[in-house]
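Below is the file my_file-v7.pdb, which contains PDB, C-alpha atoms and all ligand atoms.
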ATOM      1  CA  MET Z  22       9.888  -5.476  19.519  1.00  0.00           C
ATOM      2  CA  VAL Z  23       7.257  -6.869  17.221  1.00  0.00           C
ATOM      3  CA  ILE Z  24       7.478  -4.622  14.154  1.00  0.00           C
ATOM      4  CA  HIS Z  25      10.743  -3.104  12.958  1.00  0.00           C
ATOM      5  CA  VAL Z  26      10.694  -0.736  10.002  1.00  0.00           C
ATOM      6  CA  GLN Z  27      14.160   0.334   8.864  1.00  0.00           C
ATOM      7  CA  SER Z  28      14.755   3.147   6.364  1.00  0.00           C
ATOM      8  CA  VAL Z  29      11.782   2.156   4.279  1.00  0.00           C
ATOM      9  CA  GLY Z  30      10.928   3.976   1.070  1.00  0.00           C
ATOM     10  CA  LYS Z  31       8.200   3.516  -1.508  1.00  0.00           C
ATOM     11  CA  LYS Z  32       7.838   5.251  -4.835  1.00  0.00           C
ATOM     12  CA  PHE Z  33       4.937   5.339  -7.238  1.00  0.00           C
ATOM     13  CA  PRO Z  34       4.726   6.386 -10.862  1.00  0.00           C
ATOM     14  CA  ASP Z  35       3.343   9.888 -11.346  1.00  0.00           C
ATOM     15  CA  GLY Z  36       2.662  11.452 -14.735  1.00  0.00           C
ATOM     16  CA  LYS Z  37       6.209  11.861 -16.043  1.00  0.00           C
ATOM     17  CA  GLY Z  38       8.325   9.724 -13.751  1.00  0.00           C
ATOM     18  CA  GLU Z  39       8.326   8.405 -10.253  1.00  0.00           C
ATOM     19  CA  ARG Z  40       7.793  10.019  -6.892  1.00  0.00           C
ATOM     20  CA  TRP Z  41       8.958   8.838  -3.489  1.00  0.00           C
ATOM     21  CA  VAL Z  42       5.805   8.837  -1.401  1.00  0.00           C
ATOM     22  CA  ILE Z  43       7.612   7.491   1.625  1.00  0.00           C
ATOM     23  CA  GLU Z  44      11.292   8.332   1.574  1.00  0.00           C
ATOM     24  CA  ASP Z  45      12.971   7.113   4.703  1.00  0.00           C
ATOM     25  CA  VAL Z  46      10.770   5.919   7.522  1.00  0.00           C
ATOM     26  CA  SER Z  47      12.055   4.006  10.534  1.00  0.00           C
ATOM     27  CA  PHE Z  48      10.303   2.956  13.728  1.00  0.00           C
ATOM     28  CA  LYS Z  49       9.862   0.114  16.166  1.00  0.00           C
ATOM     29  CA  ILE Z  50       6.648  -1.129  17.698  1.00  0.00           C
ATOM     30  CA  GLU Z  51       6.783  -3.100  20.907  1.00  0.00           C
ATOM     31  CA  SER Z  52       4.696  -6.190  21.438  1.00  0.00           C
ATOM     32  CA  ARG Z  53       1.001  -5.546  22.152  1.00  0.00           C
ATOM     33  CA  GLN Z  54       1.477  -1.808  21.888  1.00  0.00           C
ATOM     34  CA  ALA Z  55      -1.464  -0.138  20.131  1.00  0.00           C
ATOM     35  CA  THR Z  56      -0.111   2.306  17.583  1.00  0.00           C
ATOM     36  CA  VAL Z  57      -1.640   5.019  15.439  1.00  0.00           C
ATOM     37  CA  ILE Z  58      -0.230   6.393  12.207  1.00  0.00           C
ATOM     38  CA  ARG Z  59      -1.187  10.036  11.787  1.00  0.00           C
ATOM     39  CA  GLY Z  60      -0.576  12.790   9.291  1.00  0.00           C
ATOM     40  CA  PRO Z  61      -2.296  14.881   6.633  1.00  0.00           C
ATOM     41  CA  SER Z  62      -4.093  13.422   3.646  1.00  0.00           C
ATOM     42  CA  GLY Z  63      -1.733  12.116   0.972  1.00  0.00           C
ATOM     43  CA  VAL Z  64       1.279  11.837   3.283  1.00  0.00           C
ATOM     44  CA  GLY Z  65       1.455   8.051   2.921  1.00  0.00           C
ATOM     45  CA  LYS Z  66      -0.449   6.533   5.866  1.00  0.00           C
ATOM     46  CA  THR Z  67      -2.274   3.946   3.766  1.00  0.00           C
ATOM     47  CA  THR Z  68       0.919   3.184   1.883  1.00  0.00           C
ATOM     48  CA  LEU Z  69       2.808   2.584   5.129  1.00  0.00           C
ATOM     49  CA  LEU Z  70       0.069   0.352   6.500  1.00  0.00           C
ATOM     50  CA  ASN Z  71      -0.015  -1.636   3.255  1.00  0.00           C
ATOM     51  CA  LEU Z  72       3.761  -2.053   3.491  1.00  0.00           C
ATOM     52  CA  ILE Z  73       3.777  -3.407   7.038  1.00  0.00           C
ATOM     53  CA  ALA Z  74       0.825  -5.661   6.225  1.00  0.00           C
ATOM     54  CA  GLY Z  75       2.786  -7.124   3.306  1.00  0.00           C
ATOM     55  CA  LEU Z  76       0.229  -5.969   0.740  1.00  0.00           C
ATOM     56  CA  ILE Z  77       2.895  -4.067  -1.191  1.00  0.00           C
ATOM     57  CA  GLN Z  78       6.685  -4.271  -1.210  1.00  0.00           C
ATOM     58  CA  PRO Z  79       9.049  -1.377  -0.378  1.00  0.00           C
ATOM     59  CA  ASP Z  80      11.543   0.032  -2.904  1.00  0.00           C
ATOM     60  CA  LYS Z  81      14.130   0.411  -0.174  1.00  0.00           C
ATOM     61  CA  GLY Z  82      14.654  -0.562   3.434  1.00  0.00           C
ATOM     62  CA  GLU Z  83      13.487  -3.529   5.413  1.00  0.00           C
ATOM     63  CA  ILE Z  84      10.366  -4.521   7.339  1.00  0.00           C
ATOM     64  CA  GLU Z  85      10.574  -7.205  10.002  1.00  0.00           C
ATOM     65  CA  LEU Z  86       7.708  -8.710  11.944  1.00  0.00           C
ATOM     66  CA  ASN Z  87       8.220 -10.959  14.922  1.00  0.00           C
ATOM     67  CA  LEU Z  88       5.822 -13.837  15.220  1.00  0.00           C
ATOM     68  CA  LYS Z  89       5.150 -15.570  18.505  1.00  0.00           C
ATOM     69  CA  ASP Z  90       6.823 -18.964  18.710  1.00  0.00           C
ATOM     70  CA  SER Z  91       9.213 -18.099  15.930  1.00  0.00           C
ATOM     71  CA  SER Z  92      12.968 -18.405  16.261  1.00  0.00           C
ATOM     72  CA  GLY Z  93      13.656 -15.063  14.601  1.00  0.00           C
ATOM     73  CA  PRO Z  94      12.043 -12.123  12.824  1.00  0.00           C
ATOM     74  CA  THR Z  95      10.282 -12.549   9.499  1.00  0.00           C
ATOM     75  CA  SER Z  96      11.623 -10.116   6.930  1.00  0.00           C
ATOM     76  CA  LEU Z  97       8.742  -9.314   4.602  1.00  0.00           C
ATOM     77  CA  ASN Z  98      11.150  -8.283   1.819  1.00  0.00           C
ATOM     78  CA  ARG Z  99      12.614 -11.744   1.707  1.00  0.00           C
ATOM     79  CA  LEU Z 100       9.339 -13.597   1.276  1.00  0.00           C
ATOM     80  CA  ASN Z 101       8.278 -14.568  -2.211  1.00  0.00           C
ATOM     81  CA  ALA Z 102       4.720 -13.888  -3.388  1.00  0.00           C
ATOM     82  CA  ARG Z 103       3.464 -17.242  -2.169  1.00  0.00           C
ATOM     83  CA  GLU Z 104       5.080 -16.946   1.255  1.00  0.00           C
ATOM     84  CA  LEU Z 105       3.775 -13.416   1.602  1.00  0.00           C
ATOM     85  CA  LEU Z 106       0.257 -14.560   0.805  1.00  0.00           C
ATOM     86  CA  ARG Z 107       0.512 -17.266   3.435  1.00  0.00           C
ATOM     87  CA  PHE Z 108       1.931 -14.828   5.972  1.00  0.00           C
ATOM     88  CA  ARG Z 109      -0.935 -12.376   5.435  1.00  0.00           C
ATOM     89  CA  ARG Z 110      -3.549 -15.087   5.483  1.00  0.00           C
ATOM     90  CA  ASP Z 111      -2.329 -16.654   8.722  1.00  0.00           C
ATOM     91  CA  HIS Z 112      -1.136 -13.709  10.766  1.00  0.00           C
ATOM     92  CA  VAL Z 113      -2.773 -10.508   9.554  1.00  0.00           C
ATOM     93  CA  GLY Z 114      -6.278  -9.093   9.925  1.00  0.00           C
ATOM     94  CA  PHE Z 115      -7.034  -5.961   7.911  1.00  0.00           C
ATOM     95  CA  VAL Z 116      -9.899  -3.509   8.347  1.00  0.00           C
ATOM     96  CA  TYR Z 117     -10.563  -0.992   5.553  1.00  0.00           C
ATOM     97  CA  GLN Z 118     -12.354   2.330   5.474  1.00  0.00           C
ATOM     98  CA  PHE Z 119     -14.984   1.026   3.063  1.00  0.00           C
ATOM     99  CA  PHE Z 120     -15.639  -2.248   4.869  1.00  0.00           C
ATOM    100  CA  ASN Z 121     -14.661  -4.507   1.932  1.00  0.00           C
ATOM    101  CA  LEU Z 122     -16.879  -7.431   2.787  1.00  0.00           C
ATOM    102  CA  VAL Z 123     -17.293  -9.914  -0.050  1.00  0.00           C
ATOM    103  CA  PRO Z 124     -20.581  -8.751  -1.592  1.00  0.00           C
ATOM    104  CA  THR Z 125     -21.696 -12.182  -2.777  1.00  0.00           C
ATOM    105  CA  LEU Z 126     -21.260 -13.809   0.644  1.00  0.00           C
ATOM    106  CA  THR Z 127     -23.544 -13.403   3.658  1.00  0.00           C
ATOM    107  CA  VAL Z 128     -22.307 -11.805   6.865  1.00  0.00           C
ATOM    108  CA  LYS Z 129     -21.811 -15.220   8.422  1.00  0.00           C
ATOM    109  CA  GLU Z 130     -19.959 -16.553   5.372  1.00  0.00           C
ATOM    110  CA  ASN Z 131     -17.726 -13.478   5.306  1.00  0.00           C
ATOM    111  CA  VAL Z 132     -16.776 -13.946   8.939  1.00  0.00           C
ATOM    112  CA  LEU Z 133     -16.162 -17.682   8.642  1.00  0.00           C
ATOM    113  CA  LEU Z 134     -14.075 -17.334   5.480  1.00  0.00           C
ATOM    114  CA  PRO Z 135     -10.723 -16.726   7.255  1.00  0.00           C
ATOM    115  CA  LEU Z 136     -11.307 -19.857   9.355  1.00  0.00           C
ATOM    116  CA  ALA Z 137     -11.664 -21.992   6.256  1.00  0.00           C
ATOM    117  CA  LEU Z 138      -8.603 -20.399   4.658  1.00  0.00           C
ATOM    118  CA  THR Z 139      -6.421 -20.893   7.730  1.00  0.00           C
ATOM    119  CA  LYS Z 140      -7.943 -24.240   8.767  1.00  0.00           C
ATOM    120  CA  ARG Z 141      -8.858 -22.806  12.166  1.00  0.00           C
ATOM    121  CA  GLU Z 142     -12.399 -24.135  12.207  1.00  0.00           C
ATOM    122  CA  HIS Z 143     -12.136 -24.634  15.966  1.00  0.00           C
ATOM    123  CA  LEU Z 144     -12.604 -20.862  16.311  1.00  0.00           C
ATOM    124  CA  ARG Z 145     -16.031 -21.033  14.656  1.00  0.00           C
ATOM    125  CA  ASP Z 146     -18.130 -20.806  17.831  1.00  0.00           C
ATOM    126  CA  GLN Z 147     -16.133 -17.836  19.103  1.00  0.00           C
ATOM    127  CA  ALA Z 148     -16.504 -16.085  15.761  1.00  0.00           C
ATOM    128  CA  LEU Z 149     -20.275 -16.588  15.774  1.00  0.00           C
ATOM    129  CA  ASP Z 150     -20.548 -15.514  19.433  1.00  0.00           C
ATOM    130  CA  ARG Z 151     -18.698 -12.343  18.559  1.00  0.00           C
ATOM    131  CA  LEU Z 152     -21.234 -11.584  15.825  1.00  0.00           C
ATOM    132  CA  HIS Z 153     -24.044 -12.059  18.345  1.00  0.00           C
ATOM    133  CA  LYS Z 154     -22.356  -9.720  20.818  1.00  0.00           C
ATOM    134  CA  LEU Z 155     -21.975  -7.147  18.084  1.00  0.00           C
ATOM    135  CA  GLY Z 156     -25.714  -7.103  17.573  1.00  0.00           C
ATOM    136  CA  LEU Z 157     -25.517  -8.850  14.230  1.00  0.00           C
ATOM    137  CA  LYS Z 158     -27.397 -11.984  15.211  1.00  0.00           C
ATOM    138  CA  SER Z 159     -30.401 -11.149  13.066  1.00  0.00           C
ATOM    139  CA  HIS Z 160     -28.164 -10.248  10.117  1.00  0.00           C
ATOM    140  CA  LEU Z 161     -26.150 -13.464   9.844  1.00  0.00           C
ATOM    141  CA  ASN Z 162     -27.750 -14.451   6.564  1.00  0.00           C
ATOM    142  CA  ALA Z 163     -27.956 -10.946   5.156  1.00  0.00           C
ATOM    143  CA  PHE Z 164     -25.683  -9.701   2.392  1.00  0.00           C
ATOM    144  CA  PRO Z 165     -23.370  -6.750   3.105  1.00  0.00           C
ATOM    145  CA  THR Z 166     -25.429  -4.265   1.055  1.00  0.00           C
ATOM    146  CA  GLN Z 167     -28.401  -4.972   3.306  1.00  0.00           C
ATOM    147  CA  LEU Z 168     -26.487  -3.645   6.336  1.00  0.00           C
ATOM    148  CA  SER Z 169     -25.821  -0.091   7.500  1.00  0.00           C
ATOM    149  CA  GLY Z 170     -22.271   1.251   7.371  1.00  0.00           C
ATOM    150  CA  GLY Z 171     -21.740   0.726  11.102  1.00  0.00           C
ATOM    151  CA  GLU Z 172     -23.050  -2.834  10.893  1.00  0.00           C
ATOM    152  CA  GLN Z 173     -20.834  -3.604   7.913  1.00  0.00           C
ATOM    153  CA  GLN Z 174     -17.799  -2.296   9.754  1.00  0.00           C
ATOM    154  CA  ARG Z 175     -18.606  -4.372  12.846  1.00  0.00           C
ATOM    155  CA  ALA Z 176     -18.912  -7.429  10.593  1.00  0.00           C
ATOM    156  CA  ALA Z 177     -15.633  -6.491   8.887  1.00  0.00           C
ATOM    157  CA  ILE Z 178     -13.870  -6.346  12.253  1.00  0.00           C
ATOM    158  CA  ALA Z 179     -15.408  -9.679  13.251  1.00  0.00           C
ATOM    159  CA  ARG Z 180     -13.978 -11.080  10.018  1.00  0.00           C
ATOM    160  CA  ALA Z 181     -10.552  -9.500  10.526  1.00  0.00           C
ATOM    161  CA  VAL Z 182     -10.149 -11.076  13.973  1.00  0.00           C
ATOM    162  CA  ALA Z 183     -12.006 -14.384  13.433  1.00  0.00           C
ATOM    163  CA  HIS Z 184      -8.820 -16.384  12.916  1.00  0.00           C
ATOM    164  CA  GLU Z 185      -7.127 -14.552  15.821  1.00  0.00           C
ATOM    165  CA  PRO Z 186      -4.256 -13.075  13.824  1.00  0.00           C
ATOM    166  CA  GLN Z 187      -1.174 -11.732  15.596  1.00  0.00           C
ATOM    167  CA  PHE Z 188      -1.423  -8.448  13.698  1.00  0.00           C
ATOM    168  CA  LEU Z 189      -4.493  -6.290  13.246  1.00  0.00           C
ATOM    169  CA  PHE Z 190      -4.177  -3.361  10.852  1.00  0.00           C
ATOM    170  CA  ALA Z 191      -6.922  -0.828  10.245  1.00  0.00           C
ATOM    171  CA  ASP Z 192      -6.940   1.948   7.653  1.00  0.00           C
ATOM    172  CA  GLU Z 193      -9.307   4.785   8.631  1.00  0.00           C
ATOM    173  CA  PRO Z 194     -11.721   2.239  10.074  1.00  0.00           C
ATOM    174  CA  THR Z 195     -14.089   4.953  11.251  1.00  0.00           C
ATOM    175  CA  GLY Z 196     -13.565   7.337   8.329  1.00  0.00           C
ATOM    176  CA  ASN Z 197     -16.948   6.534   6.880  1.00  0.00           C
ATOM    177  CA  LEU Z 198     -19.010   6.433  10.056  1.00  0.00           C
ATOM    178  CA  ASP Z 199     -20.846   8.948  12.232  1.00  0.00           C
ATOM    179  CA  ALA Z 200     -19.566   9.823  15.712  1.00  0.00           C
ATOM    180  CA  GLU Z 201     -21.609   7.200  17.531  1.00  0.00           C
ATOM    181  CA  ASN Z 202     -20.653   4.356  15.216  1.00  0.00           C
ATOM    182  CA  SER Z 203     -17.042   5.531  15.183  1.00  0.00           C
ATOM    183  CA  ALA Z 204     -16.814   5.309  18.953  1.00  0.00           C
ATOM    184  CA  GLU Z 205     -18.361   1.850  18.900  1.00  0.00           C
ATOM    185  CA  VAL Z 206     -16.109   0.575  16.140  1.00  0.00           C
ATOM    186  CA  PHE Z 207     -13.011   1.876  17.812  1.00  0.00           C
ATOM    187  CA  LYS Z 208     -13.992   0.348  21.147  1.00  0.00           C
ATOM    188  CA  LEU Z 209     -14.454  -2.933  19.347  1.00  0.00           C
ATOM    189  CA  LEU Z 210     -11.008  -2.809  17.761  1.00  0.00           C
ATOM    190  CA  TRP Z 211      -9.555  -1.934  21.123  1.00  0.00           C
ATOM    191  CA  ASP Z 212     -11.369  -4.760  22.942  1.00  0.00           C
ATOM    192  CA  GLU Z 213     -10.165  -7.319  20.422  1.00  0.00           C
ATOM    193  CA  HIS Z 214      -6.645  -5.955  20.651  1.00  0.00           C
ATOM    194  CA  GLU Z 215      -6.715  -6.387  24.444  1.00  0.00           C
ATOM    195  CA  ARG Z 216      -8.556  -9.697  24.517  1.00  0.00           C
ATOM    196  CA  LEU Z 217      -6.527 -11.446  21.823  1.00  0.00           C
ATOM    197  CA  GLY Z 218      -3.285  -9.644  22.583  1.00  0.00           C
ATOM    198  CA  THR Z 219      -3.075  -8.824  18.899  1.00  0.00           C
ATOM    199  CA  ASN Z 220      -0.744  -6.030  17.769  1.00  0.00           C
ATOM    200  CA  LEU Z 221      -2.954  -3.181  16.571  1.00  0.00           C
ATOM    201  CA  VAL Z 222      -1.869  -0.468  14.124  1.00  0.00           C
ATOM    202  CA  VAL Z 223      -4.453   2.073  12.978  1.00  0.00           C
ATOM    203  CA  ALA Z 224      -4.033   4.797  10.361  1.00  0.00           C
ATOM    204  CA  THR Z 225      -6.431   7.592  11.210  1.00  0.00           C
ATOM    205  CA  HIS Z 226      -7.226  11.286  11.327  1.00  0.00           C
ATOM    206  CA  SER Z 227      -9.356  10.766  14.425  1.00  0.00           C
ATOM    207  CA  ASP Z 228      -8.204  12.410  17.647  1.00  0.00           C
ATOM    208  CA  ASP Z 229     -10.382  10.029  19.671  1.00  0.00           C
ATOM    209  CA  ILE Z 230      -8.462   7.055  18.417  1.00  0.00           C
ATOM    210  CA  GLY Z 231      -5.187   8.878  18.842  1.00  0.00           C
ATOM    211  CA  ALA Z 232      -5.926   9.340  22.526  1.00  0.00           C
ATOM    212  CA  TYR Z 233      -6.178   5.600  23.137  1.00  0.00           C
ATOM    213  CA  ALA Z 234      -2.918   4.610  21.535  1.00  0.00           C
ATOM    214  CA  ALA Z 235       0.278   3.892  23.405  1.00  0.00           C
ATOM    215  CA  HIS Z 236       2.398   4.991  20.487  1.00  0.00           C
ATOM    216  CA  THR Z 237       1.993   7.483  17.640  1.00  0.00           C
ATOM    217  CA  ILE Z 238       3.843   7.515  14.337  1.00  0.00           C
ATOM    218  CA  GLN Z 239       3.531  10.984  12.878  1.00  0.00           C
ATOM    219  CA  LEU Z 240       4.156  11.298   9.147  1.00  0.00           C
ATOM    220  CA  ALA Z 241       5.257  14.790   8.006  1.00  0.00           C
TER     221      ALA Z 241
HETATM  222  N1  LIG F   1      -0.747   2.655  -6.383  1.00  0.00           N
HETATM  223  C1  LIG F   1      -0.395   3.949  -6.450  1.00  0.00           C
HETATM  224  N2  LIG F   1       0.019   4.490  -7.605  1.00  0.00           N
HETATM  225  C2  LIG F   1       0.389   5.789  -7.702  1.00  0.00           C
HETATM  226  N3  LIG F   1       0.349   6.638  -6.664  1.00  0.00           N
HETATM  227  C3  LIG F   1      -0.075   6.164  -5.484  1.00  0.00           C
HETATM  228  C4  LIG F   1      -0.483   4.797  -5.312  1.00  0.00           C
HETATM  229  N4  LIG F   1      -0.856   4.621  -4.012  1.00  0.00           N
HETATM  230  C5  LIG F   1      -0.692   5.811  -3.424  1.00  0.00           C
HETATM  231  N5  LIG F   1      -0.235   6.738  -4.279  1.00  0.00           N
HETATM  232  C6  LIG F   1       0.071   8.149  -3.968  1.00  0.00           C
HETATM  233  O1  LIG F   1       0.825   8.179  -2.775  1.00  0.00           O
HETATM  234  C7  LIG F   1       0.459   9.278  -1.972  1.00  0.00           C
HETATM  235  C8  LIG F   1       0.122   8.795  -0.566  1.00  0.00           C
HETATM  236  O2  LIG F   1      -1.096   8.056  -0.610  1.00  0.00           O
HETATM  237  P1  LIG F   1      -1.737   7.389   0.681  1.00  0.00           P
HETATM  238  O3  LIG F   1      -3.007   6.789   0.223  1.00  0.00           O
HETATM  239  O4  LIG F   1      -0.747   6.510   1.331  1.00  0.00           O
HETATM  240  O5  LIG F   1      -1.987   8.657   1.604  1.00  0.00           O
HETATM  241  P2  LIG F   1      -2.783   8.776   2.989  1.00  0.00           P
HETATM  242  O6  LIG F   1      -1.874   9.426   3.973  1.00  0.00           O
HETATM  243  O7  LIG F   1      -3.351   7.457   3.349  1.00  0.00           O
HETATM  244  O8  LIG F   1      -3.957   9.793   2.632  1.00  0.00           O
HETATM  245  P3  LIG F   1      -5.472   9.855   3.208  1.00  0.00           P
HETATM  246  O9  LIG F   1      -5.376  10.506   4.574  1.00  0.00           O
HETATM  247  O10 LIG F   1      -6.167  10.748   2.214  1.00  0.00           O
HETATM  248  O11 LIG F   1      -6.025   8.480   3.242  1.00  0.00           O
HETATM  249  C9  LIG F   1      -0.679   9.975  -2.673  1.00  0.00           C
HETATM  250  O12 LIG F   1      -0.145  11.081  -3.350  1.00  0.00           O
HETATM  251  C10 LIG F   1      -1.169   8.938  -3.645  1.00  0.00           C
HETATM  252  O13 LIG F   1      -1.696   9.514  -4.788  1.00  0.00           O
HETATM  253 MG    MG F   2      -5.246   6.682   3.501  1.00  0.00          MG
END
Kindly present the structure from the file in structure tokens form.
Ligand SMILES: Nc1ncnc2c1ncn2[C@@H]1O[C@H](COP(=O)(O)OP(=O)(O)OP(=O)(O)O)[C@@H](O)[C@H]1O
Ligand SMILES: [Mg+2]
Amino acid sequence: MVIHVQSVGKKFPDGKGERWVIEDVSFKIESRQATVIRGPSGVGKTTLLNLIAGLIQPDKGEIELNLKDSSGPTSLNRLNARELLRFRRDHVGFVYQFFNLVPTLTVKENVLLPLALTKREHLRDQALDRLHKLGLKSHLNAFPTQLSGGEQQRAAIARAVAHEPQFLFADEPTGNLDAENSAEVFKLLWDEHERLGTNLVVATHSDDIGAYAAHTIQLA
């Protein structure tokens, strides 16, 4: 088991008080199992993904991630802000619906950024090869706004996997793309998941993506 979520809850302020968005969610994900999180809009898919990626902390329950070569599980709740930052930086790749490339950096700089942050410069050639394979060779020195949505998302995936993280999380990665680009982007996520053996969790409405996954977490 690589991800263990136990009775997790998260509440957010709403108008007058607070509202439990996720009340009591538990599941296990086995190593290298591609998983989708599904459910209607507003049910808490993004929130759940942000929780297991360590971007936000739960208000109850526990989230454990098992790293390769580690003697025991890492409990995200027990990490302080600095440890959590390091954990995300070293072991997590995240793909967003709206691409989220750094606008002031070129495509190449965006993709090489995680290597600098994690001191994994030895992965540089692979990261650049991947950009070539993705058809972005002529866009290496372009800025994100000069790319189409599909191109930006391919670059964003190249960035998310550049440092070969053990966990790859994607929140509606094809939500902003047409059918053709969606299929391509999902295939890309899938290929990287298989090639790197990274644990892939995708929050999506897409049935196409759902069909690929070994495991589905259905929220309400
Ligand atoms: N930071 C926040 N502050 C207050 N409320 C929040 C916050 N983040 C999320 N929510 C609320 O939590 C609920 C779940 O949001 P979430 O984004 O997780 O849903 P979702 O399932 O991803 O929806 P969608 O399919 O539309 O992306 C929503 O009602 C949202 O307004
Ligand atoms: Mg969402």
query: Can you list what the PyMOL selection byres (((not hetatm)) within 7 of (chain F and resi 1)) grabs from this structure, as an MDAnalysis selection string?
result: chainID Z and resid 33:35 42 60:69
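Considering only C-alpha atoms, the residue among Z:Ser28, Z:Phe115, Z:Val57, Z:Val23 positioned nearest to Ser91 (chain Z) is Z:Val23.
From CA of Glu193 (chain Z) back to CA of Val116 (chain Z), the distance works out to 8.3 Å.
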field: Distance query 12 Å from (-10.5, -0.4, 16.7) using all atoms listed in the file, result as an MDAnalysis selection string
entry: chainID Z and resid 55:57 114:118 174:175 177:179 181:182 189:196 202:215 219:225 227 229:231 233:234
message: Once the PyMOL selection byres (((chain Z and resi 140-149) around 9) and not hetatm) is applied to the coordinates I shared, what remains selected? I want it as a PyMOL selection string.
response: chain Z and resi 129+132-133+135-139+150-154+158+161+179-180+182-185
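Once the PyMOL selection byres (((chain Z and resi 123) around 12) and not hetatm) is applied to this file, the selection holds Phe119, Phe120, Asn121, Leu122, Pro124, Thr125, Leu126, Thr127, Val128, Lys129, Glu130, Asn131, Val132, Leu133, Leu134, Pro135, Ala163, Phe164, Pro165, Thr166, Gln173, Ala176, Ala177 and Arg180 of chain Z.
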message: Could you check the closest approach to ligand MG 2 (chain F) for each of Z:Arg99, Z:Lys89, Z:Arg109, Z:Arg59 and tell me which residue wins, using all atoms listed in the file?
response: Z:Arg59
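For the pair CA of Gly75 (chain Z) and CA of Phe108 (chain Z), the interatomic distance is 8.2 Å.
When all atoms listed in the file are used to measure the gap to ligand MG 2 (chain F), the shortest distance among Z:Lys81, Z:Lys32, Z:His160, Z:His226 belongs to Z:His226.
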